[in-house]
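Engineer: entry02.cif is reproduced in full below (mmCIF, C-alpha atoms and all ligand atoms).
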data_final
#
loop_
_atom_site.label_atom_id
_atom_site.label_comp_id
_atom_site.auth_asym_id
_atom_site.auth_seq_id
_atom_site.Cartn_x
_atom_site.Cartn_y
_atom_site.Cartn_z
CA MET U 1 20.26 169.93 -193.06
CA ASP U 2 19.78 167.02 -190.72
CA HIS U 3 19.52 163.26 -190.85
CA PHE U 4 16.00 162.82 -189.44
CA ASN U 5 13.90 161.71 -192.40
CA TYR U 6 10.90 159.54 -193.24
CA ARG U 7 11.72 156.19 -194.80
CA ASN U 8 9.05 153.68 -195.68
CA GLY U 9 6.57 155.81 -193.76
CA THR U 10 8.54 155.94 -190.50
CA LEU U 11 10.68 158.76 -189.16
CA HIS U 12 14.29 157.63 -188.86
CA ALA U 13 17.40 158.99 -187.19
CA GLU U 14 19.96 158.15 -189.87
CA ASP U 15 19.27 154.44 -190.54
CA VAL U 16 17.45 153.73 -187.28
CA PRO U 17 13.63 153.92 -187.03
CA LEU U 18 12.69 156.07 -184.06
CA SER U 19 10.11 153.47 -183.07
CA GLU U 20 12.98 151.05 -182.45
CA ILE U 21 14.63 153.50 -180.04
CA ALA U 22 11.33 154.10 -178.26
CA SER U 23 10.87 150.34 -177.77
CA ALA U 24 14.38 149.92 -176.43
CA VAL U 25 14.69 153.00 -174.21
CA GLY U 26 11.14 154.26 -173.66
CA THR U 27 9.97 157.85 -173.96
CA PRO U 28 10.62 160.70 -173.55
CA VAL U 29 14.16 160.41 -174.91
CA TYR U 30 16.56 162.72 -176.74
CA VAL U 31 18.02 161.26 -179.93
CA TYR U 32 21.10 162.75 -181.59
CA SER U 33 22.54 162.11 -185.05
CA THR U 34 26.30 161.70 -185.38
CA ALA U 35 26.20 162.46 -189.11
CA THR U 36 24.43 165.76 -188.45
CA LEU U 37 26.87 166.75 -185.70
CA ARG U 38 29.80 166.00 -187.97
CA ARG U 39 28.24 167.75 -190.93
CA HIS U 40 27.58 170.96 -189.02
CA TYR U 41 31.03 171.04 -187.51
CA LYS U 42 32.55 170.48 -190.94
CA VAL U 43 30.43 173.14 -192.66
CA PHE U 44 31.53 175.62 -190.02
CA THR U 45 35.23 174.77 -190.16
CA ASP U 46 35.20 174.56 -193.99
CA ALA U 47 33.91 178.14 -194.05
CA PHE U 48 37.21 179.17 -192.47
CA ALA U 49 39.48 177.01 -194.62
CA GLY U 50 42.82 178.74 -195.06
CA ALA U 51 42.16 181.27 -192.28
CA ARG U 52 43.86 181.40 -188.90
CA ALA U 53 40.73 180.27 -187.10
CA SER U 54 39.84 177.72 -184.45
CA VAL U 55 36.55 176.43 -183.17
CA PHE U 56 35.74 176.10 -179.47
CA TYR U 57 32.38 174.35 -179.31
CA ALA U 58 30.17 175.99 -176.64
CA VAL U 59 29.70 173.05 -174.28
CA LYS U 60 26.64 174.50 -172.58
CA ALA U 61 24.51 173.87 -175.70
CA ASN U 62 24.86 170.11 -175.26
CA SER U 63 27.41 168.73 -172.83
CA ASN U 64 26.91 164.98 -173.11
CA LEU U 65 30.35 163.33 -173.09
CA ALA U 66 29.56 161.36 -176.26
CA VAL U 67 28.66 164.57 -178.10
CA LEU U 68 31.83 166.25 -176.84
CA LYS U 69 33.92 163.26 -177.88
CA THR U 70 32.35 163.20 -181.36
CA LEU U 71 33.28 166.85 -181.88
CA GLY U 72 36.59 166.69 -180.01
CA ASP U 73 37.71 163.79 -182.21
CA MET U 74 37.15 166.06 -185.23
CA GLY U 75 39.44 168.66 -183.70
CA ALA U 76 36.95 170.88 -181.90
CA GLY U 77 38.04 172.77 -178.83
CA ALA U 78 35.66 173.64 -176.00
CA ASP U 79 34.26 176.87 -174.64
CA VAL U 80 33.27 176.11 -171.04
CA VAL U 81 31.42 178.21 -168.48
CA SER U 82 31.95 176.23 -165.27
CA GLU U 83 34.37 173.81 -163.67
CA GLY U 84 31.83 171.08 -164.38
CA GLU U 85 31.94 171.81 -168.10
CA LEU U 86 35.73 172.01 -167.99
CA ARG U 87 35.83 168.57 -166.39
CA ARG U 88 33.46 167.27 -169.07
CA ALA U 89 35.66 168.62 -171.88
CA LEU U 90 38.73 166.98 -170.32
CA ALA U 91 36.86 163.71 -169.75
CA ALA U 92 35.93 163.70 -173.45
CA GLY U 93 39.61 163.93 -174.31
CA ILE U 94 39.73 167.56 -175.41
CA PRO U 95 43.23 168.80 -174.55
CA PRO U 96 43.59 171.82 -172.21
CA SER U 97 45.28 173.74 -175.03
CA ARG U 98 41.95 173.69 -176.86
CA ILE U 99 39.80 174.93 -173.95
CA VAL U 100 38.70 178.47 -173.09
CA PHE U 101 36.77 179.41 -169.96
CA SER U 102 34.01 182.04 -170.27
CA GLY U 103 31.44 183.27 -167.79
CA VAL U 104 30.50 186.30 -165.75
CA GLY U 105 30.83 184.68 -162.31
CA LYS U 106 33.71 182.28 -161.89
CA THR U 107 34.72 181.32 -158.35
CA ALA U 108 38.29 181.32 -157.02
CA GLU U 109 38.15 177.51 -156.92
CA GLU U 110 37.15 177.39 -160.58
CA LEU U 111 39.92 179.79 -161.59
CA ILE U 112 42.47 177.72 -159.69
CA PHE U 113 41.25 174.53 -161.33
CA ALA U 114 41.53 176.18 -164.76
CA LEU U 115 45.05 177.46 -164.00
CA ASP U 116 46.21 174.08 -162.72
CA THR U 117 44.73 172.39 -165.79
CA GLY U 118 46.64 174.79 -168.02
CA ILE U 119 43.85 175.75 -170.42
CA LEU U 120 44.47 178.07 -173.37
CA GLU U 121 42.92 181.14 -171.81
CA ILE U 122 40.43 182.50 -169.33
CA ASN U 123 37.90 185.02 -170.62
CA VAL U 124 37.67 187.67 -167.92
CA GLU U 125 34.48 189.70 -167.59
CA SER U 126 35.11 192.23 -164.80
CA VAL U 127 37.82 194.21 -163.00
CA ASN U 128 37.14 192.23 -159.83
CA GLU U 129 37.75 188.99 -161.70
CA LEU U 130 41.01 190.41 -163.11
CA GLU U 131 42.22 191.11 -159.59
CA LEU U 132 41.15 187.73 -158.26
CA LEU U 133 42.79 185.90 -161.15
CA ASN U 134 46.00 187.90 -160.80
CA THR U 135 46.12 186.98 -157.11
CA VAL U 136 45.47 183.26 -157.53
CA ALA U 137 47.84 183.03 -160.51
CA GLY U 138 50.51 184.78 -158.39
CA GLU U 139 50.03 182.30 -155.55
CA ARG U 140 50.69 179.50 -158.00
CA GLY U 141 53.61 181.22 -159.69
CA LYS U 142 51.84 181.41 -163.03
CA VAL U 143 51.18 183.99 -165.70
CA ALA U 144 47.68 183.45 -167.05
CA GLU U 145 46.87 184.23 -170.67
CA ILE U 146 43.56 185.99 -170.69
CA ALA U 147 40.92 187.38 -172.96
CA ILE U 148 38.94 190.35 -171.80
CA ARG U 149 35.35 190.06 -172.86
CA VAL U 150 34.00 193.40 -173.94
CA ASN U 151 30.41 194.36 -174.37
CA PRO U 152 30.27 196.08 -177.77
CA ASP U 153 26.78 197.50 -177.15
CA VAL U 154 25.07 196.17 -180.25
CA ASP U 155 21.53 194.89 -180.45
CA ALA U 156 21.63 191.26 -181.55
CA LYS U 157 17.90 191.48 -182.38
CA THR U 158 17.15 188.19 -180.71
CA HIS U 159 14.93 187.09 -177.77
CA HIS U 160 15.65 189.30 -174.75
CA LYS U 161 16.67 186.31 -172.61
CA ILE U 162 19.48 185.39 -175.01
CA SER U 163 20.72 188.86 -175.94
CA THR U 164 24.07 189.49 -174.28
CA GLY U 165 25.87 192.28 -176.11
CA LYS U 166 23.93 195.37 -175.06
CA LYS U 167 25.04 197.82 -172.38
CA GLU U 168 22.21 196.72 -170.10
CA ASN U 169 23.24 193.04 -170.26
CA LYS U 170 25.38 191.67 -167.43
CA PHE U 171 28.12 190.35 -169.72
CA GLY U 172 31.57 191.69 -170.46
CA ILE U 173 33.16 195.05 -169.85
CA ASP U 174 31.63 198.13 -171.43
CA ILE U 175 33.70 198.71 -174.56
CA ALA U 176 34.12 202.37 -173.56
CA TYR U 177 36.27 201.25 -170.57
CA ALA U 178 38.07 198.46 -172.40
CA LEU U 179 41.31 200.35 -173.10
CA ASP U 180 41.65 201.36 -169.46
CA ILE U 181 40.99 197.83 -168.24
CA PHE U 182 43.39 196.20 -170.70
CA LYS U 183 46.06 198.61 -169.42
CA ARG U 184 45.34 197.61 -165.84
CA ALA U 185 45.54 193.93 -166.78
CA GLN U 186 48.79 194.52 -168.66
CA ALA U 187 50.26 196.08 -165.52
CA MET U 188 49.37 193.05 -163.38
CA PRO U 189 52.37 190.75 -163.01
CA ASN U 190 50.49 187.47 -163.35
CA LEU U 191 48.23 188.25 -166.27
CA ALA U 192 48.94 188.39 -169.98
CA PRO U 193 46.02 190.01 -171.81
CA VAL U 194 46.37 188.71 -175.36
CA THR U 195 42.79 188.35 -176.60
CA VAL U 196 39.83 190.61 -177.19
CA ALA U 197 36.58 188.65 -176.82
CA ALA U 198 32.87 189.26 -177.34
CA HIS U 199 29.68 187.22 -177.61
CA ILE U 200 26.63 189.29 -178.45
CA GLY U 201 23.82 186.79 -178.13
CA SER U 202 22.29 183.58 -179.34
CA GLN U 203 19.99 182.53 -182.18
CA LEU U 204 21.07 185.45 -184.40
CA THR U 205 19.37 185.39 -187.79
CA ASP U 206 20.99 188.49 -189.23
CA LEU U 207 24.62 189.33 -190.05
CA GLU U 208 24.40 193.05 -189.38
CA PRO U 209 24.80 192.86 -185.58
CA TYR U 210 27.90 190.72 -186.14
CA ARG U 211 29.29 193.20 -188.63
CA ALA U 212 28.80 196.06 -186.16
CA ALA U 213 30.32 194.12 -183.26
CA PHE U 214 33.32 192.82 -185.25
CA GLN U 215 34.03 196.36 -186.46
CA ARG U 216 34.12 197.64 -182.88
CA LEU U 217 36.40 194.81 -181.84
CA ALA U 218 38.77 195.51 -184.73
CA ASP U 219 38.92 199.19 -183.79
CA LEU U 220 39.68 198.21 -180.22
CA VAL U 221 42.49 195.87 -181.28
CA ARG U 222 44.15 198.73 -183.21
CA GLU U 223 43.77 201.03 -180.24
CA LEU U 224 45.25 198.48 -177.84
CA ARG U 225 48.20 197.76 -180.09
CA ALA U 226 48.89 201.47 -180.40
CA GLU U 227 49.18 201.45 -176.60
CA GLY U 228 51.67 198.60 -176.72
CA ILE U 229 49.33 195.80 -175.70
CA PRO U 230 50.21 192.84 -177.95
CA ILE U 231 46.82 191.42 -178.92
CA HIS U 232 47.22 188.28 -180.97
CA ARG U 233 43.81 186.61 -180.75
CA VAL U 234 40.23 187.77 -181.20
CA ASP U 235 37.41 185.62 -179.82
CA LEU U 236 34.25 186.33 -181.78
CA GLY U 237 31.89 184.21 -179.65
CA GLY U 238 29.03 182.11 -180.98
CA GLY U 239 25.39 182.81 -181.56
CA LEU U 240 24.66 181.80 -185.14
CA GLY U 241 20.98 180.86 -185.32
CA VAL U 242 19.31 177.72 -186.63
CA PRO U 243 15.98 177.37 -188.45
CA TYR U 244 13.38 176.38 -185.85
CA ALA U 245 10.34 177.66 -187.73
CA GLY U 246 11.47 178.65 -191.19
CA GLU U 247 13.96 181.33 -190.14
CA THR U 248 16.83 181.81 -192.56
CA PRO U 249 19.92 182.39 -190.43
CA PRO U 250 23.09 183.35 -192.30
CA LEU U 251 25.01 180.43 -193.73
CA PRO U 252 28.43 179.80 -192.15
CA ASP U 253 30.08 180.92 -195.41
CA ALA U 254 28.43 184.33 -195.26
CA TYR U 255 29.23 184.67 -191.57
CA ALA U 256 32.84 183.67 -192.21
CA ALA U 257 33.11 186.21 -195.02
CA VAL U 258 32.15 189.04 -192.64
CA ALA U 259 34.56 187.86 -189.95
CA ARG U 260 37.40 187.46 -192.45
CA GLU U 261 36.78 190.81 -194.11
CA ILE U 262 36.92 192.69 -190.80
CA ILE U 263 39.26 190.65 -188.61
CA GLU U 264 41.81 189.06 -190.96
CA PRO U 265 43.60 192.35 -191.75
CA LEU U 266 44.57 192.44 -188.05
CA ASP U 267 46.67 189.31 -188.50
CA VAL U 268 45.32 187.61 -185.40
CA GLU U 269 44.07 184.12 -184.66
CA MET U 270 40.25 184.08 -184.76
CA LEU U 271 38.42 182.02 -182.13
CA PHE U 272 34.79 180.99 -182.61
CA GLU U 273 32.43 179.53 -180.03
CA PRO U 274 29.44 178.07 -181.89
CA GLY U 275 27.00 175.99 -179.85
CA ARG U 276 23.45 175.90 -181.14
CA MET U 277 24.57 175.95 -184.78
CA ILE U 278 26.46 172.68 -184.29
CA VAL U 279 23.99 170.67 -182.20
CA GLY U 280 20.54 172.27 -182.62
CA ASN U 281 19.39 170.34 -185.67
CA ALA U 282 21.34 167.25 -184.63
CA GLY U 283 18.79 166.28 -181.98
CA ILE U 284 15.11 165.55 -181.51
CA LEU U 285 13.04 164.84 -178.43
CA LEU U 286 11.03 161.70 -178.97
CA ALA U 287 7.79 161.57 -176.98
CA LYS U 288 4.55 159.64 -176.82
CA VAL U 289 1.03 161.00 -177.06
CA LEU U 290 -0.70 160.08 -173.81
CA PHE U 291 -4.16 161.43 -174.46
CA VAL U 292 -5.86 163.56 -177.03
CA LYS U 293 -8.41 165.72 -175.26
CA GLN U 294 -11.04 167.43 -177.32
CA GLY U 295 -12.27 170.49 -175.41
CA GLU U 296 -15.24 172.52 -176.51
CA SER U 297 -13.13 174.90 -178.57
CA ARG U 298 -9.68 173.35 -178.49
CA ARG U 299 -7.86 170.13 -179.12
CA PHE U 300 -5.23 169.32 -176.50
CA VAL U 301 -2.56 166.74 -177.22
CA VAL U 302 -1.03 165.62 -173.92
CA VAL U 303 2.42 164.11 -174.43
CA ASP U 304 4.71 162.32 -171.96
CA ALA U 305 7.50 164.92 -172.35
CA ALA U 306 7.23 168.10 -170.34
CA MET U 307 8.86 171.44 -169.66
CA ASN U 308 11.30 169.76 -167.27
CA ASP U 309 12.65 167.78 -170.24
CA LEU U 310 12.62 170.63 -172.78
CA ILE U 311 12.21 174.10 -171.34
CA ARG U 312 12.79 176.25 -174.41
CA PRO U 313 9.10 176.88 -175.20
CA ALA U 314 8.36 177.92 -171.59
CA MET U 315 11.57 179.90 -171.10
CA TYR U 316 12.25 181.55 -174.45
CA ASP U 317 8.93 181.17 -176.26
CA GLY U 318 10.97 178.72 -178.32
CA TYR U 319 9.42 176.96 -181.28
CA HIS U 320 9.93 173.28 -182.02
CA GLY U 321 8.45 171.48 -184.99
CA LEU U 322 6.39 168.38 -184.21
CA LYS U 323 6.42 165.35 -186.48
CA PRO U 324 4.44 162.15 -186.01
CA VAL U 325 6.81 159.18 -186.29
CA ILE U 326 4.28 157.47 -188.57
CA GLU U 327 4.19 159.58 -191.71
CA ARG U 328 0.86 160.99 -192.92
CA PRO U 329 0.09 160.93 -196.62
CA GLU U 330 0.26 164.23 -198.45
CA GLY U 331 -2.99 166.15 -198.30
CA THR U 332 -3.94 164.81 -194.84
CA PRO U 333 -6.27 167.38 -193.26
CA MET U 334 -4.75 169.53 -190.52
CA SER U 335 -6.45 171.24 -187.62
CA PRO U 336 -5.07 173.35 -184.79
CA ALA U 337 -3.97 171.67 -181.56
CA ASP U 338 -2.24 172.66 -178.33
CA ILE U 339 0.64 170.34 -177.46
CA VAL U 340 1.02 170.16 -173.69
CA GLY U 341 2.99 168.22 -171.11
CA PRO U 342 1.74 166.64 -167.87
CA ILE U 343 3.29 169.20 -165.49
CA CYS U 344 1.06 171.23 -163.21
CA GLU U 345 1.83 174.59 -164.87
CA SER U 346 0.05 176.28 -167.74
CA GLY U 347 3.54 177.14 -168.99
CA ASP U 348 4.06 173.45 -169.71
CA THR U 349 2.89 174.01 -173.26
CA PHE U 350 5.04 173.13 -176.28
CA ALA U 351 2.83 174.70 -178.92
CA LYS U 352 -0.44 176.56 -179.22
CA GLU U 353 -2.89 176.19 -182.08
CA ARG U 354 -0.40 174.29 -184.17
CA PRO U 355 -1.84 172.84 -187.38
CA LEU U 356 -1.49 169.08 -187.01
CA PRO U 357 -3.10 165.95 -188.39
CA LEU U 358 -5.29 163.87 -186.11
CA LEU U 359 -3.06 162.20 -183.55
CA ASN U 360 -3.83 158.99 -181.72
CA ASP U 361 -3.37 158.05 -178.09
CA GLY U 362 -0.13 156.12 -177.74
CA GLU U 363 1.55 157.24 -180.96
CA LEU U 364 5.08 158.59 -181.13
CA VAL U 365 5.96 162.18 -182.01
CA ALA U 366 9.28 163.98 -182.40
CA PHE U 367 10.01 167.55 -181.36
CA THR U 368 12.55 168.71 -183.93
CA THR U 369 15.67 170.89 -183.50
CA ALA U 370 15.98 169.92 -179.85
CA GLY U 371 19.71 169.11 -179.74
CA ALA U 372 20.76 172.47 -178.26
CA TYR U 373 19.66 173.79 -174.86
CA GLY U 374 17.44 170.73 -174.48
CA ALA U 375 18.78 167.89 -172.33
CA VAL U 376 21.30 170.22 -170.68
CA MET U 377 18.48 172.28 -169.21
CA ALA U 378 16.42 169.31 -168.06
CA SER U 379 15.44 169.00 -164.41
CA THR U 380 13.44 166.64 -162.24
CA TYR U 381 10.62 169.14 -161.61
CA ASN U 382 7.45 167.33 -160.56
CA SER U 383 9.80 164.49 -159.56
CA ARG U 384 10.09 163.31 -163.12
CA PRO U 385 13.35 161.35 -163.57
CA LEU U 386 15.97 163.00 -165.78
CA VAL U 387 15.36 162.29 -169.46
CA PRO U 388 17.75 159.83 -171.21
CA GLU U 389 19.85 160.51 -174.31
CA VAL U 390 20.68 158.28 -177.28
CA LEU U 391 23.31 158.74 -179.99
CA VAL U 392 22.75 157.26 -183.44
CA ASP U 393 25.55 156.54 -185.88
CA GLY U 394 24.42 154.99 -189.16
CA ASP U 395 22.47 151.85 -188.31
CA ARG U 396 23.61 151.61 -184.69
CA PHE U 397 22.60 153.50 -181.58
CA ALA U 398 23.74 153.70 -177.99
CA VAL U 399 22.27 155.06 -174.79
CA ILE U 400 24.66 157.87 -173.86
CA ARG U 401 22.76 158.73 -170.69
CA PRO U 402 20.35 156.22 -169.21
CA ARG U 403 17.03 157.33 -167.84
CA GLN U 404 17.46 158.23 -164.17
CA THR U 405 15.88 155.61 -161.92
CA TYR U 406 13.46 156.41 -159.11
CA GLU U 407 16.06 155.07 -156.65
CA GLU U 408 18.67 157.51 -157.97
CA MET U 409 16.26 160.41 -157.85
CA LEU U 410 14.95 159.76 -154.32
CA GLY U 411 18.33 158.52 -153.10
CA ALA U 412 19.86 161.94 -153.68
CA ASP U 413 17.89 163.36 -150.75
CA ARG U 414 18.80 162.97 -147.07
CA ILE U 415 16.57 163.09 -144.00
CA PRO U 416 18.30 164.84 -141.07
CA ASP U 417 18.92 162.95 -137.82
CA TRP U 418 16.37 164.95 -135.92
CA LEU U 419 13.61 163.69 -138.18
CA SER U 420 14.60 160.04 -137.92
CA GLY U 421 13.72 158.23 -134.72
CA PRO U 422 16.39 156.15 -132.87
CA GLY U 423 17.43 153.19 -134.94
CA GLU U 424 15.79 154.49 -138.08
CA GLN U 425 17.92 155.05 -141.13
CA ALA U 426 18.66 158.59 -142.24
CA VAL U 427 18.20 157.50 -145.84
CA PRO U 428 14.75 156.05 -146.33
CA LYS U 429 14.38 152.58 -147.76
CA LEU U 430 12.44 152.57 -150.94
CA ALA U 431 9.80 149.92 -150.79
CA GLY U 432 8.91 148.00 -153.88
CA MET U 433 10.46 150.24 -156.46
CA SER U 434 12.50 149.54 -159.47
CA GLY U 435 13.93 151.78 -162.10
C1 LIG M 501 26.33 180.56 -174.95
C2 LIG M 501 27.63 181.03 -175.42
C3 LIG M 501 28.10 180.67 -176.69
C4 LIG M 501 27.31 179.81 -177.65
O1 LIG M 501 26.16 180.41 -178.12
P1 LIG M 501 25.31 179.70 -179.27
O2 LIG M 501 24.19 180.62 -179.51
O3 LIG M 501 24.86 178.38 -178.76
O4 LIG M 501 26.20 179.57 -180.47
C5 LIG M 501 29.35 181.10 -177.07
N1 LIG M 501 30.11 181.87 -176.25
C6 LIG M 501 29.69 182.25 -175.04
C7 LIG M 501 30.55 183.08 -174.19
C8 LIG M 501 28.44 181.85 -174.57
O5 LIG M 501 28.02 182.23 -173.37
#
As structure tokens, please, write out the structure in this file.
Ligand SMILES: *Cc1c(COP(=O)(O)O)cnc(C)c1O
Structural biologist:
Amino acid sequence: MDHFNYRNGTLHAEDVPLSEIASAVGTPVYVYSTATLRRHYKVFTDAFAGARASVFYAVKANSNLAVLKTLGDMGAGADVVSEGELRRALAAGIPPSRIVFSGVGKTAEELIFALDTGILEINVESVNELELLNTVAGERGKVAEIAIRVNPDVDAKTHHKISTGKKENKFGIDIAYALDIFKRAQAMPNLAPVTVAAHIGSQLTDLEPYRAAFQRLADLVRELRAEGIPIHRVDLGGGLGVPYAGETPPLPDAYAAVAREIIEPLDVEMLFEPGRMIVGNAGILLAKVLFVKQGESRRFVVVDAAMNDLIRPAMYDGYHGLKPVIERPEGTPMSPADIVGPICESGDTFAKERPLPLLNDGELVAFTTAGAYGAVMASTYNSRPLVPEVLVDGDRFAVIRPRQTYEEMLGADRIPDWLSGPGEQAVPKLAGMSG
């Protein structure tokens, strides 16, 4: 369920016509719906009503400060994977006690920053990281509460680039070695291993991989307790899918039922790290049709958004629906079209042979379900300024990240002394440009 609907023939975000946002901010632009963000967060937390459960929103799905603040104000914690994300969560007002730090390659500097901030726990993914964390915690006279992320070796049955819980994936510690590694952590003076963690992949559309993984985690918790390691939290990761193209991912209630059935008997606090499920359907990418090109055998619709703005189709074969902002009457004839961006790569293709009505040069279109892994993965490839973001709330909207200007983009580069003649400036002057 989202709040992007046609009203009086125009696609709206909540009460705001998308054409109004395009006029004010230009295109391409990401547009997010507050009501949808809130609804998804609430559906997820309601599914765990009465359970000892807390939600740590996976910041990497969409890390805009306004999105983080919207969720943080509702009580969400944050699952971060870098110091940058940790700083974002703090800047959005999420307290350290509601932040966990995941990731397979944290630096010493990042670990120190997390320790000094006093976050809830650090999710450790290797023996080397255990040793490093024990050392830096010791130097600061601290005992760090940690989770150890195990790799339960289950097939999440998702795209290979977002599957993370199989033996051959780089994440976590092979569950077969988990007992041994928990014991080593327990013996380290500056670590307190209190949590078993896992995250088996993203865009899961089936409960069975979860059931298998949760069962393995529960068995591990019993084994660890029998060895005197006092586990009191289990972090079950994220990964619940969203419908991009008619998939039917499990509803949060069904997912919660499986988690509760398997984990609640352990009498632990359950931690969840949903990302995509919260923000995916809460965002669209609004773009403009530049040209419709009729080839001999194919219709190409060239839009002003490109793979640098939304990389999911190129990177994960991701599907995004496409809706014209001006509604077409029912029964409008459809014919196949390729939707492509302006970038000099054949991979800059959003859709192939998609049935679409006739589209006109200059008209607005919306790529749906673009709130997760959209703006956060944007780049300036082809020297296209970073795409802006807008947040809608009812009948108002605000720019929550302005479009990058050409000055900002070019001004980030430096020309070394040896390339500038005497008296010339190291930073080039930009002639006749405005944002
Ligand atoms: C990416 C990630 C998540 C969130 O995954 P979604 O599919 O967006 O729910 C949660 N936990 C960890 C450790 C992650 O890396």
Engineer: Smallest atom-to-atom distance to Arg298 of chain U: which of U:Ala337, U:Leu86, U:Val124, U:Ala147, using all atoms listed in the file?
Structural biologist: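 When distances to Arg298 of chain U are compared using all atoms listed in the file, the smallest one comes from U:Ala337.
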Engineer: Enumerate as a list of chain:residue names the residues within 7 Å of ligand LIG 501 (chain M), counting all atoms listed in the file.
Structural biologist: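 Result of the 7 Å neighbour search around ligand LIG 501 (chain M): U:Ala58, U:Lys60, U:Ala61, U:Asp79, U:Ser102, U:Gly103, U:His199, U:Gly201, U:Ser202, U:Gln203, U:Gly237, U:Gly238, U:Gly239, U:Leu240, U:Gly241, U:Glu273, U:Pro274, U:Gly275, U:Arg276, U:Met277.
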Engineer: Which is closer to Gly50 of chain U than all the others in U:Arg260, U:Lys323, U:Phe300, U:Tyr406, using only C-alpha atoms?
Structural biologist: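 Under the stated criterion, the closest residue is U:Arg260.
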Engineer: So how far away is atom CA of Pro230 of chain U from atom CA of Gln186 of chain U, in Å?
Structural biologist: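 Between atom CA of Gln186 of chain U and atom CA of Pro230 of chain U the gap is 9.5 Å.
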Engineer: Between atom CA of Thr70 of chain U and atom CA of Arg88 of chain U, what distance in Å does the model show, to one decimal?
Structural biologist: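 Distance between the two atoms: 13.0 Å.
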Engineer: Write out as a ChimeraX atom specification the residues lying within 7 Å of Ile278 of chain U, counting only C-alpha atoms and excluding same-chain residues fewer than 6 positions away.
Structural biologist: /U:37,40-41
Engineer: Please indicate the distance in Å from atom CA of Leu224 of chain U to atom CA of Lys183 of chain U, rounded to one decimal place.
Structural biologist: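 Calculated distance between atom CA of Leu224 of chain U and atom CA of Lys183 of chain U is 8.5 Å.
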Engineer: Could you make a table, as CSV, of the residues of segment 265-378 of chain U that have an atom within 10 Å of an atom of segment 150-165 of chain U, each with its nearest atom pair and distance in Å to one decimal, counting only C-alpha atoms, in chain and number order?
Structural biologist:
residue,atom,partner,partner_atom,distance
U:Met315,CA,U:Lys161,CA,8.3
U:Tyr316,CA,U:Lys161,CA,6.8
U:Asp317,CA,U:His159,CA,8.6
U:Gly318,CA,U:His159,CA,9.3
Engineer: Let me see the file: selected residues, C-alpha atoms, as a PDB file, in the coordinates of the input.
Structural biologist:
ATOM      1  CA  MET U 315      11.570 179.900-171.100  1.00  0.00           C
ATOM      2  CA  TYR U 316      12.250 181.550-174.450  1.00  0.00           C
ATOM      3  CA  ASP U 317       8.930 181.170-176.260  1.00  0.00           C
ATOM      4  CA  GLY U 318      10.970 178.720-178.320  1.00  0.00           C
TER       5      GLY U 318
END
Engineer: In terms of the shortest atom-to-atom distance over all atoms listed in the file, which of U:Val289, U:Ala306, U:Leu11, U:Leu386 is closest to Leu364 of chain U?
Structural biologist: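 Of U:Val289, U:Ala306, U:Leu11, U:Leu386, the one nearest Leu364 of chain U is U:Val289, counting all atoms listed in the file.
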Engineer: Name all residues at most 12 Å from Ile263 of chain U (count all atoms listed in the file; drop same-chain ones fewer than 2 positions away) and give them as a PyMOL selection string.
Structural biologist: chain U and resi 51-53+196+210-211+213-222+232-236+256-261+265-271
Engineer: Of the candidates U:Ile311, U:Pro342, U:Ala375, U:Ser383, which shows the shortest atom-to-atom distance to Arg401 of chain U, using all atoms listed in the file?
Structural biologist: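 Selected residue with least distance to Arg401 of chain U: U:Ala375.
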Engineer: Just the residues within 10 Å of Pro336 of chain U, please, counting all atoms listed in the file, with nothing from its chain fewer than 6 positions along; format it as a ChimeraX atom specification.
Structural biologist: /U:298-300,351-358
Engineer: Neighbouring residues of Arg184 of chain U were defined as those with any atom within 12 Å, considering only C-alpha atoms; residues of the same chain fewer than 6 positions away were excluded. Please report them as a ChimeraX atom specification.
Structural biologist: /U:126-128,130-131,134,148,177-178,190-193,229
Engineer: Generate the output file for the selected residues, C-alpha atoms, as a compact mmCIF listing (two decimals), in the frame of the given file.
Structural biologist:
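The resulting file, part.txt, is shown below:
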# COMPACT_ATOMS: atom_id res chain seq x y z
CA SER U 126 35.11 192.23 -164.80
CA VAL U 127 37.82 194.21 -163.00
CA ASN U 128 37.14 192.23 -159.83
CA LEU U 130 41.01 190.41 -163.11
CA GLU U 131 42.22 191.11 -159.59
CA ASN U 134 46.00 187.90 -160.80
CA ILE U 148 38.94 190.35 -171.80
CA TYR U 177 36.27 201.25 -170.57
CA ALA U 178 38.07 198.46 -172.40
CA ASN U 190 50.49 187.47 -163.35
CA LEU U 191 48.23 188.25 -166.27
CA ALA U 192 48.94 188.39 -169.98
CA PRO U 193 46.02 190.01 -171.81
CA ILE U 229 49.33 195.80 -175.70
Engineer: I need the residue nearest Asn123 of chain U from this list: U:Ile175, U:Ala49, U:Ala412, U:Val80. Use only C-alpha atoms for the distance.
Structural biologist: U:Val80
Engineer: Could you check which of U:Pro28, U:Gly9, U:Pro95, U:Gly295 is closest to Glu389 of chain U, using only C-alpha atoms?
Structural biologist: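 When distances to Glu389 of chain U are compared using only C-alpha atoms, the smallest one comes from U:Pro28.
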Engineer: So which residues are close to (4.1, 159.8, -178.9), meaning at most 6 Å away in the file's coordinates with only C-alpha atoms counted, and can you show them as an MDAnalysis selection string?
Structural biologist: chainID U and resid 287:289 362:365
Engineer: Would you mind listing what lies within 8 Å of Leu322 of chain U as a short mmCIF file (atom, residue, chain, number, x, y, z; two decimals) with C-alpha atoms, in the frame of the given file, with all atoms listed in the file counted and same-chain residues fewer than 6 positions away left out?
Structural biologist:
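Written file, result.cif:
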data_model
loop_
_atom_site.label_atom_id
_atom_site.label_comp_id
_atom_site.auth_asym_id
_atom_site.auth_seq_id
_atom_site.Cartn_x
_atom_site.Cartn_y
_atom_site.Cartn_z
CA VAL U 365 5.96 162.18 -182.01
CA ALA U 366 9.28 163.98 -182.40
CA PHE U 367 10.01 167.55 -181.36
CA THR U 368 12.55 168.71 -183.93
#
